[in-house]
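As provided, target-v6.txt (compact mmCIF, C-alpha atoms) reads as follows.
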# COMPACT_ATOMS: atom_id res chain seq x y z
CA MET A 1 -46.91 47.08 -54.23
CA SER A 2 -43.49 48.58 -53.65
CA PHE A 3 -41.29 47.29 -50.84
CA PRO A 4 -41.73 48.68 -47.31
CA ALA A 5 -38.86 50.60 -45.67
CA PHE A 6 -38.96 51.78 -42.05
CA PHE A 7 -37.22 55.08 -41.26
CA ASP A 8 -35.46 55.90 -38.02
CA THR A 9 -35.84 59.45 -36.70
CA ASN A 10 -32.31 60.47 -37.67
CA VAL A 11 -33.02 59.92 -41.39
CA LEU A 12 -36.19 62.03 -41.30
CA TYR A 13 -34.56 64.86 -39.31
CA GLY A 14 -32.86 66.87 -42.08
CA ALA A 15 -35.47 68.71 -44.15
CA LEU A 16 -33.88 68.25 -47.59
CA LEU A 17 -33.00 64.58 -47.10
CA ASN A 18 -36.51 64.01 -45.75
CA ASP A 19 -38.02 65.80 -48.78
CA PHE A 20 -36.03 63.69 -51.24
CA ILE A 21 -36.70 60.38 -49.52
CA LEU A 22 -40.43 61.12 -49.37
CA GLU A 23 -40.45 62.36 -52.98
CA LEU A 24 -39.19 58.91 -54.01
CA ALA A 25 -41.96 57.30 -51.94
CA ASP A 26 -44.54 59.62 -53.49
CA ARG A 27 -43.46 58.32 -56.90
CA GLY A 28 -44.12 54.76 -55.76
CA LEU A 29 -40.50 53.58 -55.63
CA TYR A 30 -41.00 52.18 -52.12
CA ARG A 31 -43.47 52.44 -49.23
CA PRO A 32 -42.32 54.48 -46.22
CA LEU A 33 -43.01 53.32 -42.68
CA TRP A 34 -42.59 55.04 -39.31
CA SER A 35 -44.16 55.00 -35.86
CA LYS A 36 -45.70 57.43 -33.39
CA ASP A 37 -42.49 57.17 -31.36
CA VAL A 38 -40.32 58.06 -34.37
CA LEU A 39 -42.48 61.08 -35.24
CA PHE A 40 -42.64 62.20 -31.59
CA GLU A 41 -38.83 61.97 -31.37
CA LEU A 42 -38.52 63.87 -34.67
CA ALA A 43 -40.75 66.73 -33.48
CA LYS A 44 -39.11 66.86 -30.04
CA ASN A 45 -35.59 67.03 -31.50
CA LEU A 46 -36.47 69.63 -34.14
CA VAL A 47 -38.05 71.92 -31.52
CA LYS A 48 -35.19 71.31 -29.07
CA ASN A 49 -32.75 72.41 -31.78
CA GLY A 50 -34.56 75.69 -32.42
CA GLU A 51 -37.16 74.95 -35.08
CA ASP A 52 -40.48 76.77 -34.80
CA PRO A 53 -42.92 74.41 -33.01
CA ALA A 54 -45.77 75.43 -35.34
CA LEU A 55 -43.69 74.61 -38.43
CA VAL A 56 -42.58 71.31 -36.89
CA ALA A 57 -46.20 70.37 -36.16
CA LYS A 58 -47.11 71.28 -39.74
CA ARG A 59 -44.25 69.18 -41.16
CA VAL A 60 -45.08 66.10 -39.08
CA GLY A 61 -48.82 66.54 -39.70
CA THR A 62 -48.22 66.75 -43.44
CA MET A 63 -46.16 63.55 -43.35
CA GLU A 64 -48.92 61.78 -41.41
CA ARG A 65 -51.69 62.97 -43.75
CA TYR A 66 -49.86 62.46 -47.02
CA PHE A 67 -48.54 59.01 -46.13
CA ALA A 68 -51.49 57.84 -44.05
CA ASP A 69 -50.55 54.19 -44.49
CA ALA A 70 -46.98 54.74 -43.21
CA MET A 71 -47.91 54.68 -39.51
CA VAL A 72 -47.05 51.40 -37.80
CA THR A 73 -49.00 50.66 -34.64
CA GLY A 74 -49.36 47.74 -32.25
CA TYR A 75 -45.66 47.10 -31.67
CA ASP A 76 -45.33 48.15 -28.00
CA ASP A 77 -45.64 44.56 -26.74
CA MET A 78 -42.70 43.53 -28.97
CA VAL A 79 -40.22 46.11 -27.63
CA PRO A 80 -39.02 44.07 -24.61
CA ALA A 81 -38.12 41.10 -26.84
CA MET A 82 -35.76 43.14 -29.04
CA THR A 83 -32.03 42.67 -28.40
CA ASN A 84 -30.57 45.71 -30.20
CA ASP A 85 -29.49 48.95 -28.49
CA PRO A 86 -32.11 49.63 -25.78
CA LYS A 87 -32.82 53.21 -26.94
CA ASP A 88 -33.71 51.92 -30.42
CA ARG A 89 -35.71 48.81 -29.50
CA HIS A 90 -38.95 50.64 -30.28
CA VAL A 91 -37.60 51.30 -33.81
CA LEU A 92 -36.81 47.64 -34.49
CA ALA A 93 -40.11 46.48 -32.97
CA ALA A 94 -42.08 48.88 -35.18
CA ALA A 95 -40.10 47.91 -38.28
CA VAL A 96 -40.82 44.24 -37.62
CA ARG A 97 -44.52 44.83 -36.84
CA GLY A 98 -44.84 46.93 -40.01
CA GLY A 99 -43.39 44.17 -42.18
CA ALA A 100 -40.49 46.32 -43.32
CA GLU A 101 -37.88 44.77 -45.59
CA LEU A 102 -35.42 47.54 -44.74
CA LEU A 103 -34.71 49.61 -41.67
CA VAL A 104 -33.00 52.83 -42.77
CA THR A 105 -30.86 54.56 -40.13
CA PHE A 106 -27.64 56.51 -39.72
CA ASN A 107 -27.04 54.45 -36.55
CA THR A 108 -26.54 51.04 -38.16
CA GLY A 109 -24.36 50.00 -35.21
CA ASP A 110 -27.40 50.16 -32.91
CA PHE A 111 -28.89 47.22 -34.83
CA PRO A 112 -26.30 44.39 -34.75
CA ALA A 113 -26.82 41.56 -37.22
CA ASP A 114 -27.84 39.05 -34.53
CA SER A 115 -30.61 41.41 -33.33
CA VAL A 116 -32.28 41.67 -36.75
CA GLU A 117 -31.46 38.27 -38.26
CA PRO A 118 -34.56 36.52 -36.84
CA PHE A 119 -36.80 39.06 -38.61
CA ASP A 120 -35.59 38.85 -42.22
CA LEU A 121 -34.85 42.56 -42.14
CA ASP A 122 -31.87 44.46 -43.53
CA VAL A 123 -30.49 47.52 -41.74
CA VAL A 124 -29.06 50.06 -44.18
CA HIS A 125 -27.47 53.49 -44.05
CA PRO A 126 -29.45 56.17 -45.96
CA ASP A 127 -26.54 56.52 -48.39
CA ASP A 128 -26.88 52.83 -49.35
CA PHE A 129 -30.68 53.11 -49.47
CA LEU A 130 -30.46 55.97 -51.97
CA LEU A 131 -27.76 54.20 -54.01
CA ASP A 132 -30.11 51.21 -54.26
CA GLN A 133 -32.92 53.50 -55.43
CA LEU A 134 -30.59 54.93 -58.06
CA ASP A 135 -29.57 51.43 -59.21
CA LEU A 136 -33.11 50.03 -59.25
CA TYR A 137 -34.92 53.11 -60.55
CA HIS A 138 -32.27 55.16 -62.33
CA ALA A 139 -34.47 57.54 -64.34
CA PRO A 140 -37.29 58.02 -61.78
CA THR A 141 -34.78 58.74 -59.00
CA LEU A 142 -32.94 61.38 -61.03
CA ARG A 143 -36.23 62.85 -62.27
CA ALA A 144 -37.46 63.09 -58.67
CA LEU A 145 -34.28 64.90 -57.65
CA VAL A 146 -34.42 67.42 -60.50
CA GLU A 147 -38.17 68.07 -60.20
CA LEU A 148 -37.97 68.43 -56.41
CA VAL A 149 -35.24 71.07 -56.79
CA GLU A 150 -37.26 72.88 -59.48
CA GLY A 151 -40.11 73.18 -56.96
CA TYR A 152 -38.01 74.99 -54.36
CA ASP A 153 -38.60 78.73 -54.49
CA SER A 154 -37.92 79.93 -50.96
CA PRO A 155 -35.00 79.83 -51.33
CA ALA A 156 -34.54 78.81 -54.95
CA MET A 157 -31.89 76.15 -55.43
CA THR A 158 -29.87 74.58 -58.18
CA VAL A 159 -29.35 70.84 -58.49
CA ASP A 160 -25.74 71.42 -57.42
CA ASP A 161 -26.92 73.30 -54.30
CA PHE A 162 -29.21 70.41 -53.46
CA LEU A 163 -26.51 67.79 -54.02
CA LEU A 164 -24.13 69.74 -51.79
CA ALA A 165 -26.81 69.85 -49.09
CA LEU A 166 -27.32 66.07 -49.42
CA THR A 167 -23.57 65.55 -49.02
CA ARG A 168 -23.71 67.56 -45.81
CA ALA A 169 -26.77 65.54 -44.76
CA GLY A 170 -24.65 62.38 -44.82
CA VAL A 171 -25.23 60.71 -48.20
CA PRO A 172 -22.02 61.53 -50.14
CA LYS A 173 -21.79 58.23 -52.08
CA PHE A 174 -25.29 58.76 -53.46
CA VAL A 175 -24.42 62.34 -54.41
CA GLU A 176 -21.28 61.21 -56.24
CA ALA A 177 -23.22 58.53 -58.16
CA ALA A 178 -26.10 60.88 -58.98
CA ARG A 179 -23.71 63.60 -60.13
CA ALA A 180 -21.94 61.09 -62.41
CA LYS A 181 -25.27 60.13 -64.01
CA LEU A 182 -26.58 63.69 -64.31
CA TYR A 183 -23.47 65.33 -65.82
How does this structure look as structure tokens?
Amino acid sequence: MSFPAFFDTNVLYGALLNDFILELADRGLYRPLWSKDVLFELAKNLVKNGEDPALVAKRVGTMERYFADAMVTGYDDMVPAMTNDPKDRHVLAAAVRGGAELLVTFNTGDFPADSVEPFDLDVVHPDDFLLDQLDLYHAPTLRALVELVEGYDSPAMTVDDFLLALTRAGVPKFVEAARAKLY
């Protein structure tokens, strides 16, 4: 079984980054985890920022159906014991309850080392998570990227378009490393 990684809302927010991260999971490179609170926050923020509520519901519903074993439950009683940033205590509690080895977030500062140390859990930026995927699973990661891009038809995209979008999404070190391996 591949290692479990818990995703904070901010990593799942951008559509293309979300697609790529979940494409890697679909190929068995790791097991994604999230919670009802993370998906609620995702949907709420997407709608608040102008996304069509029906499309948001479809996106979240597809994630829930396709990765049925990703949903972590039964963590609410752990939230008060967490010592990280109060607004993200539910995230850490769910990651711990789910047995995650990694917690992937853009807000690494909200999870100080002393707050996660008791749980044998690493907090990583999505850029570092993707660099690790590239290091551990070089060919499958690049294949996933190329094949994902080939599947986009509305609008059609090139690999370079996709890499530029990933840079804008906040994972420039991964993009640089992937570009070096692809070209």
Just the number, please: distance in Å from atom CA of A:Asn18 to atom CA of A:Asp69, one decimal. 17.2 Å
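Take atom CA of A:Pro32 and atom CA of A:Arg89: the distance between them is 18.9 Å.
Take the candidates A:Gly28, A:Gly151, A:Gly74, A:Gly170 and check each one against A:Gly98 using only C-alpha atoms; the shortest distance goes to A:Gly74.
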Need to verify the contact set: A:Leu17, 12 Å, only C-alpha atoms, exclusion of same-chain residues closer than 3 positions in sequence. Can you return it as a count of residues only? 32
Axis-aligned box over every listed atom of stretch 94-104 of chain A, padded by 5 Å per side: centre and edges in Å to one decimal, as JSON?
{"center_x": -38.9, "center_y": 48.5, "center_z": -40.4, "size_x": 21.8, "size_y": 18.7, "size_z": 20.4}
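Among the candidates A:Leu33, A:Ala156, A:Leu136, A:Met82, the one nearest to A:Ser115 when counting all atoms listed in the file is A:Met82.
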Neighbour list for A:Asp85 as a ChimeraX atom specification, cut-off 9 Å, only C-alpha atoms, skip fewer than 4 positions in-chain: /A:89,109-112
Nearest to A:Val124, restricted to all atoms listed in the file and choosing among A:Ala139, A:Val146, A:Val47, A:Leu102, comes out as A:Leu102
What does the distance between atom CA of A:Ser2 and atom CA of A:Ala100 come to in Å, to one decimal place? 11.0 Å
Taking all atoms listed in the file into account, which of A:Leu39, A:Ala25, A:Leu16, A:Ala144 comes nearest A:Val60? A:Leu39
Find the residues near A:Tyr75: any atom within 12 Å, counting all atoms listed in the file, skip ones fewer than 5 places away on the same chain, and give them as a ChimeraX atom specification. /A:34-37,80-82,89-99
Using only C-alpha atoms, determine which residues lie at most 8 Å from A:Leu182, disregarding the query and same-chain residues fewer than 3 positions distant; provide the list as a PyMOL selection string. chain A and resi 142+178-179
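Residues lying within 12 Å of A:Ala57, counting all atoms listed in the file and ignoring same-chain neighbours fewer than 2 positions away, are A:Leu39, A:Phe40, A:Leu42, A:Ala43, A:Lys44, A:Leu46, A:Val47, A:Glu51, A:Asp52, A:Pro53, A:Ala54, A:Leu55, A:Arg59, A:Val60, A:Gly61, A:Thr62, A:Met63, A:Glu64, A:Arg65.
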For A:Thr141, which residue out of A:Asp88, A:Glu101, A:Asp26, A:Asp122 is the nearest one, using all atoms listed in the file? A:Asp26
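The smallest atom-to-atom distance between A:Leu134 and any of A:Glu176, A:Glu41, A:Lys48, A:Lys58, using all atoms listed in the file, is found for A:Glu176.
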